[in-house]
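Coordinates as given in input-v5.cif (mmCIF, C-alpha atoms and all ligand atoms):
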data_final
#
loop_
_atom_site.label_atom_id
_atom_site.label_comp_id
_atom_site.auth_asym_id
_atom_site.auth_seq_id
_atom_site.Cartn_x
_atom_site.Cartn_y
_atom_site.Cartn_z
CA MET Z 188 0.00 0.00 0.00
CA SER Z 189 1.35 3.43 -0.92
CA SER Z 190 1.07 6.61 1.18
CA GLU Z 191 -1.55 7.73 -1.26
CA GLU Z 192 -3.73 4.65 -0.89
CA ARG Z 193 -3.37 4.78 2.85
CA LEU Z 194 -4.38 8.45 2.97
CA ILE Z 195 -7.45 7.80 0.83
CA ARG Z 196 -8.43 4.90 3.06
CA TYR Z 197 -8.15 6.94 6.29
CA CYS Z 198 -9.82 10.02 4.77
CA ARG Z 199 -12.85 7.94 3.78
CA ILE Z 200 -13.48 7.11 7.44
CA ASP Z 201 -15.62 9.91 8.86
CA THR Z 202 -14.07 11.09 12.16
CA GLN Z 203 -15.48 14.60 12.54
CA SER Z 204 -15.43 15.86 16.14
CA ASP Z 205 -18.27 17.88 17.64
CA PRO Z 206 -17.89 20.88 19.99
CA ALA Z 207 -21.50 20.42 21.18
CA HIS Z 208 -20.34 17.26 22.95
CA GLU Z 209 -16.97 18.51 24.15
CA ASP Z 210 -17.67 17.37 27.70
CA VAL Z 211 -17.37 13.76 26.51
CA THR Z 212 -14.17 12.35 25.00
CA PRO Z 213 -14.38 11.31 22.25
CA SER Z 214 -17.01 13.89 21.31
CA THR Z 215 -18.22 11.56 18.54
CA ALA Z 216 -18.27 7.76 18.70
CA LYS Z 217 -17.32 7.48 15.03
CA GLN Z 218 -13.74 8.43 15.87
CA PHE Z 219 -13.48 4.86 17.16
CA ASP Z 220 -13.99 3.66 13.56
CA LEU Z 221 -10.53 4.90 12.64
CA ALA Z 222 -9.04 4.17 16.07
CA ARG Z 223 -9.90 0.45 15.72
CA VAL Z 224 -8.34 0.29 12.27
CA LEU Z 225 -5.15 1.89 13.59
CA GLU Z 226 -5.07 -0.37 16.62
CA THR Z 227 -5.16 -3.44 14.35
CA GLU Z 228 -2.57 -2.04 11.98
CA LEU Z 229 -0.15 -1.16 14.77
CA LYS Z 230 -0.36 -4.74 16.03
CA GLU Z 231 0.25 -6.07 12.51
CA LEU Z 232 3.31 -3.82 12.24
CA GLY Z 233 4.82 -5.49 15.28
CA LEU Z 234 4.26 -2.81 17.88
CA GLU Z 235 3.92 -3.82 21.51
CA ASP Z 236 1.57 -2.66 24.25
CA VAL Z 237 -0.93 -1.51 21.62
CA THR Z 238 -3.98 -0.12 23.39
CA LEU Z 239 -7.14 1.73 22.50
CA ASP Z 240 -8.62 3.23 25.66
CA GLU Z 241 -12.17 4.29 26.49
CA HIS Z 242 -11.43 7.90 25.51
CA CYS Z 243 -10.32 6.80 22.04
CA TYR Z 244 -6.57 7.28 22.47
CA VAL Z 245 -4.44 4.76 20.59
CA TYR Z 246 -0.94 3.97 21.89
CA GLY Z 247 1.76 1.64 20.69
CA ARG Z 248 5.44 1.10 21.11
CA LEU Z 249 8.01 -0.30 18.72
CA PRO Z 250 10.72 -1.84 20.89
CA ALA Z 251 14.37 -0.95 20.40
CA ASN Z 252 16.45 -3.36 18.31
CA THR Z 253 19.78 -2.00 19.45
CA GLU Z 254 21.79 -2.80 22.56
CA LYS Z 255 22.86 0.82 22.72
CA ASN Z 256 21.23 3.02 25.32
CA VAL Z 257 19.30 5.54 23.23
CA LYS Z 258 16.41 7.87 23.90
CA THR Z 259 12.80 7.03 23.10
CA VAL Z 260 11.28 9.29 20.48
CA GLY Z 261 7.53 9.63 19.98
CA PHE Z 262 5.21 10.62 17.14
CA ILE Z 263 1.66 11.87 17.61
CA ALA Z 264 -1.18 12.66 15.20
CA HIS Z 265 -4.88 13.35 15.66
CA MET Z 266 -7.68 11.25 14.21
CA ASP Z 267 -10.59 13.73 14.18
CA THR Z 268 -11.41 16.23 11.45
CA ALA Z 269 -12.67 19.79 11.89
CA PRO Z 270 -16.31 20.43 12.81
CA ASP Z 271 -16.26 23.41 10.41
CA PHE Z 272 -16.99 21.31 7.35
CA SER Z 273 -18.45 17.92 6.47
CA GLY Z 274 -16.21 14.86 6.61
CA THR Z 275 -18.91 12.45 5.44
CA ASN Z 276 -18.39 10.58 2.15
CA VAL Z 277 -14.98 12.05 1.46
CA ASN Z 278 -14.14 11.26 -2.13
CA PRO Z 279 -10.49 12.16 -2.78
CA ARG Z 280 -9.03 12.61 -6.23
CA ILE Z 281 -5.44 12.73 -7.44
CA ILE Z 282 -4.18 15.43 -9.77
CA GLU Z 283 -1.09 14.23 -11.57
CA ASN Z 284 1.54 16.77 -12.51
CA PHE Z 285 -0.43 19.81 -11.32
CA ASP Z 286 -0.32 22.54 -14.00
CA GLY Z 287 -0.55 25.47 -11.58
CA ASN Z 288 -3.99 26.54 -12.82
CA ASP Z 289 -7.43 26.61 -11.18
CA ILE Z 290 -8.79 23.19 -10.24
CA ALA Z 291 -12.46 22.40 -10.91
CA LEU Z 292 -13.37 20.26 -7.91
CA ASN Z 293 -16.83 19.69 -9.36
CA PRO Z 294 -18.98 21.54 -11.94
CA GLU Z 295 -19.94 24.16 -9.34
CA VAL Z 296 -16.85 24.46 -7.15
CA THR Z 297 -13.44 25.63 -8.35
CA LEU Z 298 -10.25 25.95 -6.32
CA LYS Z 299 -8.97 29.29 -7.62
CA MET Z 300 -5.30 30.22 -7.61
CA GLU Z 301 -6.17 33.88 -6.97
CA ASP Z 302 -7.62 32.77 -3.61
CA PHE Z 303 -4.66 30.51 -2.76
CA PRO Z 304 -1.74 32.09 -4.68
CA TRP Z 305 0.96 30.02 -2.93
CA MET Z 306 -0.47 26.91 -4.59
CA ARG Z 307 1.03 28.03 -7.90
CA GLU Z 308 4.39 26.96 -6.47
CA LEU Z 309 3.08 23.40 -6.34
CA LYS Z 310 3.20 23.20 -10.13
CA GLY Z 311 4.41 19.79 -11.27
CA LYS Z 312 3.44 18.08 -8.01
CA ARG Z 313 1.00 15.29 -7.37
CA LEU Z 314 -1.95 16.69 -5.41
CA MET Z 315 -4.78 15.05 -3.56
CA VAL Z 316 -7.93 17.18 -3.54
CA THR Z 317 -11.60 16.79 -2.60
CA ASP Z 318 -14.67 16.56 -4.82
CA GLY Z 319 -15.71 19.97 -3.45
CA THR Z 320 -18.44 18.67 -1.14
CA THR Z 321 -16.36 17.77 1.95
CA LEU Z 322 -13.04 18.56 3.52
CA LEU Z 323 -10.21 16.15 2.75
CA GLY Z 324 -9.05 15.32 6.25
CA ALA Z 325 -5.33 15.44 5.46
CA ASP Z 326 -5.47 17.42 8.71
CA ASP Z 327 -4.46 15.24 10.31
CA LYS Z 328 -4.74 11.90 8.53
CA ALA Z 329 -1.63 12.83 6.55
CA GLY Z 330 0.12 12.89 9.94
CA ILE Z 331 -1.15 9.40 10.73
CA VAL Z 332 -0.04 8.18 7.28
CA SER Z 333 3.48 9.59 7.70
CA ILE Z 334 3.87 7.71 10.99
CA MET Z 335 2.36 4.45 9.70
CA GLU Z 336 4.49 4.51 6.55
CA ALA Z 337 7.62 5.00 8.65
CA LEU Z 338 6.61 1.96 10.73
CA VAL Z 339 6.05 -0.07 7.55
CA TRP Z 340 9.54 0.85 6.36
CA LEU Z 341 11.05 -0.12 9.72
CA LYS Z 342 9.31 -3.49 9.55
CA GLU Z 343 10.75 -4.08 6.08
CA HIS Z 344 14.25 -3.05 7.21
CA PRO Z 345 15.06 -4.99 10.38
CA GLU Z 346 18.77 -4.26 9.81
CA PHE Z 347 18.11 -0.59 10.64
CA LYS Z 348 19.04 -0.13 14.31
CA HIS Z 349 16.87 2.14 16.39
CA GLY Z 350 15.74 2.89 19.93
CA ALA Z 351 12.21 2.48 21.22
CA ILE Z 352 9.56 4.44 19.32
CA SER Z 353 6.28 5.55 20.88
CA VAL Z 354 3.23 6.22 18.74
CA GLY Z 355 0.05 7.99 19.81
CA PHE Z 356 -3.17 8.84 17.97
CA THR Z 357 -5.53 11.27 19.71
CA PRO Z 358 -9.19 12.24 19.33
CA ASP Z 359 -10.84 15.70 19.47
CA GLU Z 360 -7.84 17.88 18.61
CA GLU Z 361 -10.07 20.14 16.52
CA ILE Z 362 -12.23 21.00 19.51
CA GLY Z 363 -9.24 21.67 21.73
CA ASN Z 364 -9.38 18.45 23.74
CA GLY Z 365 -6.61 16.42 22.09
CA PRO Z 366 -4.27 16.40 25.09
CA LYS Z 367 -7.09 16.12 27.65
CA TYR Z 368 -6.65 12.41 28.42
CA PHE Z 369 -3.27 11.97 26.75
CA ASP Z 370 -1.24 9.74 29.04
CA VAL Z 371 2.31 11.09 28.97
CA LYS Z 372 3.48 8.43 31.41
CA LYS Z 373 2.13 5.56 29.34
CA PHE Z 374 3.47 7.13 26.14
CA ASN Z 375 6.82 7.11 27.87
CA ALA Z 376 9.03 8.99 25.41
CA ASP Z 377 11.90 11.39 26.03
CA PHE Z 378 10.64 13.79 23.39
CA ALA Z 379 8.05 13.67 20.63
CA TYR Z 380 6.59 15.39 17.60
CA THR Z 381 3.03 16.17 16.61
CA MET Z 382 2.82 15.49 12.86
CA ASP Z 383 0.14 18.11 12.35
CA GLY Z 384 1.45 21.02 10.33
CA GLY Z 385 1.18 22.26 6.75
CA THR Z 386 4.18 22.07 4.44
CA VAL Z 387 6.80 19.41 5.17
CA ARG Z 388 9.32 22.24 5.62
CA GLU Z 389 7.50 23.34 8.75
CA LEU Z 390 9.25 23.01 12.10
CA ALA Z 391 7.14 24.76 14.71
CA ASP Z 392 8.49 25.21 18.21
CA GLU Z 393 6.74 28.41 19.09
CA THR Z 394 3.04 28.98 19.71
CA PHE Z 395 0.94 31.72 21.22
CA ASN Z 396 0.41 32.15 24.94
CA ALA Z 397 -3.34 32.11 25.21
CA ALA Z 398 -5.98 33.34 27.61
CA SER Z 399 -9.66 34.17 27.47
CA ALA Z 400 -11.67 36.97 29.05
CA LEU Z 401 -15.36 36.91 29.76
CA VAL Z 402 -16.55 40.43 30.54
CA THR Z 403 -20.06 40.77 31.92
CA PHE Z 404 -22.12 43.91 32.42
CA LYS Z 405 -24.99 44.33 34.85
CA GLY Z 406 -27.45 47.09 33.98
CA PHE Z 407 -30.44 48.71 35.61
CA SER Z 408 -33.34 48.54 33.20
CA ILE Z 409 -36.37 50.75 33.75
CA HIS Z 410 -38.96 52.42 31.54
CA PRO Z 411 -37.08 54.69 29.16
CA GLY Z 412 -39.55 57.47 29.88
CA GLU Z 413 -38.54 57.54 33.52
CA ALA Z 414 -34.90 56.63 33.05
CA LYS Z 415 -33.16 59.97 33.60
CA ASP Z 416 -30.21 59.62 36.00
CA ARG Z 417 -31.34 56.12 36.91
CA MET Z 418 -31.04 53.72 34.01
CA ILE Z 419 -27.78 51.84 33.46
CA ASN Z 420 -27.71 50.38 29.97
CA ALA Z 421 -25.55 47.27 30.11
CA ALA Z 422 -25.37 46.95 26.31
CA LEU Z 423 -24.09 50.51 26.05
CA ALA Z 424 -21.53 49.91 28.82
CA ALA Z 425 -20.29 46.91 26.82
CA VAL Z 426 -19.99 49.03 23.68
CA LYS Z 427 -17.92 51.59 25.62
CA PHE Z 428 -15.69 48.84 26.97
CA ALA Z 429 -15.09 47.35 23.53
CA ALA Z 430 -14.32 50.78 22.06
CA MET Z 431 -11.64 51.44 24.68
CA LEU Z 432 -9.45 48.51 23.68
CA PRO Z 433 -6.66 49.20 21.16
CA ALA Z 434 -8.18 49.18 17.68
CA HIS Z 435 -5.02 47.87 16.00
CA GLU Z 436 -4.38 44.92 18.31
CA VAL Z 437 -6.91 42.65 16.61
CA PRO Z 438 -6.38 39.55 14.42
CA GLU Z 439 -7.20 41.43 11.22
CA HIS Z 440 -4.40 43.96 11.82
CA THR Z 441 -1.65 41.78 13.25
CA GLU Z 442 0.86 39.23 11.93
CA GLY Z 443 4.13 37.49 12.80
CA ARG Z 444 4.87 37.90 16.50
CA GLU Z 445 2.21 40.56 17.12
CA GLY Z 446 -0.42 39.57 19.64
CA PHE Z 447 -4.08 40.52 19.74
CA ILE Z 448 -7.28 40.82 21.75
CA HIS Z 449 -10.10 39.31 19.72
CA LEU Z 450 -13.77 39.92 20.46
CA HIS Z 451 -15.32 36.68 19.23
CA ASN Z 452 -18.78 36.95 20.73
CA MET Z 453 -21.08 39.59 22.15
CA GLU Z 454 -24.63 39.62 23.38
CA GLY Z 455 -26.64 42.00 25.46
CA ASP Z 456 -29.56 44.24 26.21
CA CYS Z 457 -30.24 47.00 28.69
CA GLU Z 458 -30.37 44.58 31.62
CA SER Z 459 -27.20 42.60 31.00
CA ALA Z 460 -24.45 42.17 28.43
CA LYS Z 461 -21.50 39.93 27.80
CA LEU Z 462 -18.31 40.21 25.76
CA SER Z 463 -16.12 37.17 25.08
CA TYR Z 464 -12.50 37.75 24.13
CA ILE Z 465 -9.51 35.62 23.38
CA LEU Z 466 -6.09 37.10 24.15
CA ARG Z 467 -2.99 35.92 22.34
CA ASP Z 468 0.72 36.79 22.40
CA HIS Z 469 3.95 34.85 21.77
CA ASP Z 470 5.53 36.91 24.54
CA GLY Z 471 4.28 35.81 27.97
CA ALA Z 472 4.90 39.24 29.54
CA LYS Z 473 2.92 40.94 26.80
CA LEU Z 474 0.02 38.56 27.35
CA GLU Z 475 0.05 39.58 31.03
CA GLU Z 476 -0.12 43.23 29.90
CA LYS Z 477 -3.16 42.41 27.78
CA LYS Z 478 -4.85 40.77 30.76
CA GLU Z 479 -4.03 43.83 32.87
CA LEU Z 480 -5.51 46.08 30.20
CA ILE Z 481 -8.79 44.14 30.39
CA ARG Z 482 -8.86 44.50 34.19
CA LYS Z 483 -8.04 48.22 34.08
CA THR Z 484 -10.65 48.89 31.43
CA ALA Z 485 -13.23 47.15 33.64
CA ASP Z 486 -12.15 49.34 36.57
CA TYR Z 487 -12.46 52.42 34.40
CA ILE Z 488 -16.01 51.48 33.34
CA ASN Z 489 -16.98 50.95 36.98
CA ALA Z 490 -15.46 54.29 37.99
CA MET Z 491 -17.32 55.95 35.15
CA TYR Z 492 -20.68 54.60 36.33
CA GLY Z 493 -19.82 54.97 39.99
CA THR Z 494 -21.00 51.43 40.66
CA GLU Z 495 -19.91 47.90 39.85
CA VAL Z 496 -21.35 47.45 36.37
CA CYS Z 497 -18.54 45.40 34.88
CA THR Z 498 -16.88 42.17 36.01
CA CYS Z 499 -14.19 40.28 34.16
CA THR Z 500 -13.09 36.67 34.43
CA LEU Z 501 -9.69 35.88 32.94
CA ARG Z 502 -8.60 32.34 32.22
CA ASP Z 503 -5.29 30.98 30.90
CA SER Z 504 -5.64 28.46 28.05
CA TYR Z 505 -2.20 27.34 26.86
CA ARG Z 506 1.35 28.60 26.85
CA ASN Z 507 4.10 29.09 24.31
CA MET Z 508 5.97 25.78 24.19
CA LYS Z 509 9.21 27.52 23.20
CA GLU Z 510 9.74 28.38 26.86
CA VAL Z 511 10.17 24.64 27.59
CA LEU Z 512 11.62 23.51 24.25
CA ASP Z 513 14.55 25.90 24.63
CA GLN Z 514 15.46 24.01 27.81
CA HIS Z 515 15.29 20.66 25.97
CA PRO Z 516 16.78 21.49 22.58
CA GLN Z 517 17.22 17.91 21.32
CA ALA Z 518 13.74 17.66 19.80
CA VAL Z 519 14.06 20.81 17.71
CA ASP Z 520 17.78 20.38 16.93
CA THR Z 521 17.31 16.81 15.69
CA ALA Z 522 14.40 17.71 13.42
CA ARG Z 523 16.26 20.70 12.03
CA ALA Z 524 19.39 18.64 11.28
CA VAL Z 525 17.33 15.94 9.54
CA MET Z 526 15.35 18.41 7.46
CA GLU Z 527 18.50 20.22 6.36
CA GLU Z 528 20.09 16.88 5.44
CA LEU Z 529 17.07 16.14 3.27
CA GLY Z 530 17.57 19.47 1.53
CA LEU Z 531 14.45 21.07 2.97
CA GLN Z 532 14.50 24.81 3.55
CA VAL Z 533 13.30 24.81 7.15
CA LEU Z 534 10.34 27.05 7.88
CA ASN Z 535 10.55 28.01 11.54
CA THR Z 536 7.90 30.69 11.88
CA PRO Z 537 5.93 31.17 15.10
CA VAL Z 538 2.52 29.50 14.99
CA ARG Z 539 -0.31 32.00 15.35
CA GLY Z 540 -2.30 29.55 17.36
CA GLY Z 541 -1.65 26.53 19.53
CA THR Z 542 -0.83 22.92 18.80
CA ASP Z 543 -1.59 19.82 20.82
CA GLY Z 544 2.15 19.73 21.33
CA SER Z 545 2.10 23.03 23.21
CA GLN Z 546 -0.06 21.47 25.92
CA ILE Z 547 1.75 18.13 25.80
CA THR Z 548 5.06 19.98 26.16
CA PHE Z 549 3.80 21.52 29.42
CA MET Z 550 2.67 18.05 30.52
CA GLY Z 551 6.36 17.13 30.55
CA LEU Z 552 6.95 15.81 27.03
CA PRO Z 553 8.83 18.26 24.76
CA CYS Z 554 6.82 18.19 21.54
CA PRO Z 555 7.37 20.49 18.53
CA ASN Z 556 5.17 20.24 15.46
CA LEU Z 557 6.07 19.08 11.94
CA GLY Z 558 4.20 19.27 8.64
CA CYS Z 559 3.08 16.52 6.26
CA GLY Z 560 2.27 18.45 3.07
CA GLY Z 561 -1.36 19.41 3.57
CA GLY Z 562 -2.94 22.83 3.11
CA ASN Z 563 -6.20 24.86 3.09
CA PHE Z 564 -7.36 22.90 6.11
CA HIS Z 565 -10.91 22.75 7.50
CA GLY Z 566 -12.73 23.21 4.21
CA ARG Z 567 -13.51 21.91 0.75
CA TYR Z 568 -10.31 23.40 -0.72
CA GLU Z 569 -8.08 21.23 1.41
CA TYR Z 570 -5.28 19.44 -0.44
CA CYS Z 571 -2.24 17.31 0.24
CA VAL Z 572 0.98 17.22 -1.77
CA MET Z 573 1.92 13.55 -2.21
CA GLU Z 574 5.66 14.20 -2.61
CA GLU Z 575 5.63 16.10 0.70
CA LEU Z 576 3.69 13.38 2.45
CA GLU Z 577 6.34 10.88 1.38
CA MET Z 578 9.04 13.30 2.50
CA ALA Z 579 7.38 13.50 5.94
CA ARG Z 580 8.05 9.77 6.30
CA GLU Z 581 11.73 10.46 5.49
CA VAL Z 582 11.82 13.16 8.15
CA ILE Z 583 10.44 10.71 10.73
CA LEU Z 584 12.94 8.01 9.74
CA GLY Z 585 15.76 10.57 9.85
CA ILE Z 586 14.76 11.64 13.35
CA ILE Z 587 14.74 7.99 14.46
CA ARG Z 588 18.17 7.43 12.95
CA HIS Z 589 19.67 10.59 14.46
CA THR Z 590 18.25 9.71 17.86
CA ALA Z 591 19.71 6.20 17.64
CA GLU Z 592 23.11 7.62 16.72
CA ALA Z 593 23.15 10.10 19.62
CA GLU Z 594 24.13 9.05 23.12
CA ALA Z 595 21.23 8.91 25.55
ZN ZN B 601 -4.68 19.21 12.80
#

Would you mind writing the file out in structure tokens?
Ligand SMILES: [Zn+2]
Amino acid sequence: MSSEERLIRYCRIDTQSDPAHEDVTPSTAKQFDLARVLETELKELGLEDVTLDEHCYVYGRLPANTEKNVKTVGFIAHMDTAPDFSGTNVNPRIIENFDGNDIALNPEVTLKMEDFPWMRELKGKRLMVTDGTTLLGADDKAGIVSIMEALVWLKEHPEFKHGAISVGFTPDEEIGNGPKYFDVKKFNADFAYTMDGGTVRELADETFNAASALVTFKGFSIHPGEAKDRMINAALAAVKFAAMLPAHEVPEHTEGREGFIHLHNMEGDCESAKLSYILRDHDGAKLEEKKELIRKTADYINAMYGTEVCTCTLRDSYRNMKEVLDQHPQAVDTARAVMEELGLQVLNTPVRGGTDGSQITFMGLPCPNLGCGGGNFHGRYEYCVMEELEMAREVILGIIRHTAEAEA
């Protein structure tokens, strides 16, 4: 079976997660459909201690075949697909020798190069695309394929000496619960990689620091005709609050290492109102400043009304994994060395978001993120570059080789 056939097979299994059931893991029972397949395949590939637990986490371990004392390296990918777009009846198609022009996914839907200009650079490549009615699911089934294909290669090459290799497949990444029941102890690796990025040149060791703010407003609603000097309009207080935050520090005006405060939901009337924000910054100190700004703005609103109209609840979500990865450089250094050896121009840009690895890193397992050749995730324009998917397998094998050559 080729990478391509394997990817098609996994993509056809519907594993969409569902935020409406985020209190249960997995959020959808159908994620077990893929988990069971992977459990069986890991056993067939000779892995030991293969388990599928009640929360739909699959673990396996390929034992070392060297006497040398070497570190255990791990690889992780997620099984679910994004709730944003249908993952039912995925019908992938291969485009041979892509000509760099628009791709008609079906008679009504066209993937236009003017919308995704970077795709022109993929001219000459072999692309997997959708039929325009679903997402593809290369996020993150391409990650699973890269790991499985590396294991297949290892099985076919018993002469290749390596240390122990831990493998983990997780549910519900797309609804933010991937690491929730991830058992770092059972996984038992010295460092690991989430195979969950875009281009195979991607080596991500830096994510946002993230927090959320829920700002609530309590009004005093009375008949507008008798409201003079008495009414407190909560909706209006919320509008004032929102207008006081820096207009340029929003997602639509920031890039690179610039953080933001993003109003993602608001509701309200005269009686009560609510603003929901997410706060992001690669710099931990700057994130603290953003939290302080929210608190101070709330104080200002209260001072303005002369009574406690506004209350804010701040919550930390995840932290920039670079903080920890810099203390344990082997994971990033090894990947970088391997990618350079393979002639890949390493793309080490800070992720403007989080990865499962950022939480797993803070659970004690250093875990940068690597790409497997997919793009345009979470929608019908998703694609995967087959050459890059195969290269992702080479990156994994290179990391295993480097780790086996280094002293533990
Ligand atoms: Zn993903």

Sphere at (-12.6, 33.2, 23.9), radius 8 Å, counting only C-alpha atoms: residues as an MDAnalysis selection string: chainID Z and resid 398:401 449:452 463:466

What residues of the protein or nucleic acid chains come within 10 Å of ligand ZN 601 (chain B) when you use all atoms listed in the file? Reply as a short mmCIF file (atom, residue, chain, number, x, y, z; two decimals) with C-alpha atoms, in the coordinates of the input.
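Result file result15.cif:
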data_model
loop_
_atom_site.label_atom_id
_atom_site.label_comp_id
_atom_site.auth_asym_id
_atom_site.auth_seq_id
_atom_site.Cartn_x
_atom_site.Cartn_y
_atom_site.Cartn_z
CA ALA Z 264 -1.18 12.66 15.20
CA HIS Z 265 -4.88 13.35 15.66
CA MET Z 266 -7.68 11.25 14.21
CA ASP Z 267 -10.59 13.73 14.18
CA THR Z 268 -11.41 16.23 11.45
CA ALA Z 269 -12.67 19.79 11.89
CA GLY Z 324 -9.05 15.32 6.25
CA ALA Z 325 -5.33 15.44 5.46
CA ASP Z 326 -5.47 17.42 8.71
CA ASP Z 327 -4.46 15.24 10.31
CA LYS Z 328 -4.74 11.90 8.53
CA ALA Z 329 -1.63 12.83 6.55
CA GLY Z 330 0.12 12.89 9.94
CA ASP Z 359 -10.84 15.70 19.47
CA GLU Z 360 -7.84 17.88 18.61
CA GLU Z 361 -10.07 20.14 16.52
CA GLY Z 365 -6.61 16.42 22.09
CA THR Z 381 3.03 16.17 16.61
CA MET Z 382 2.82 15.49 12.86
CA ASP Z 383 0.14 18.11 12.35
CA GLY Z 384 1.45 21.02 10.33
CA GLY Z 385 1.18 22.26 6.75
CA THR Z 542 -0.83 22.92 18.80
CA ASP Z 543 -1.59 19.82 20.82
CA GLY Z 558 4.20 19.27 8.64
CA GLY Z 561 -1.36 19.41 3.57
CA PHE Z 564 -7.36 22.90 6.11
CA HIS Z 565 -10.91 22.75 7.50
#

Which is closest to Thr536 in chain Z among Z:Gly443, Z:Gly261, Z:Pro438, Z:Gly471, if we use all atoms listed in the file?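 Using all atoms listed in the file, Thr536 in chain Z sits closest to Z:Gly443.
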
Between Z:Leu323, Z:Val371, Z:Met306, Z:Ile481, which residue has the minimum interatomic distance to Met431 in chain Z, considering all atoms listed in the file? Z:Ile481

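Nearest to Glu454 in chain Z of all the residues Z:Val339, Z:Val426, Z:Leu552, Z:Ile547 is Z:Val426, based on all atoms listed in the file.
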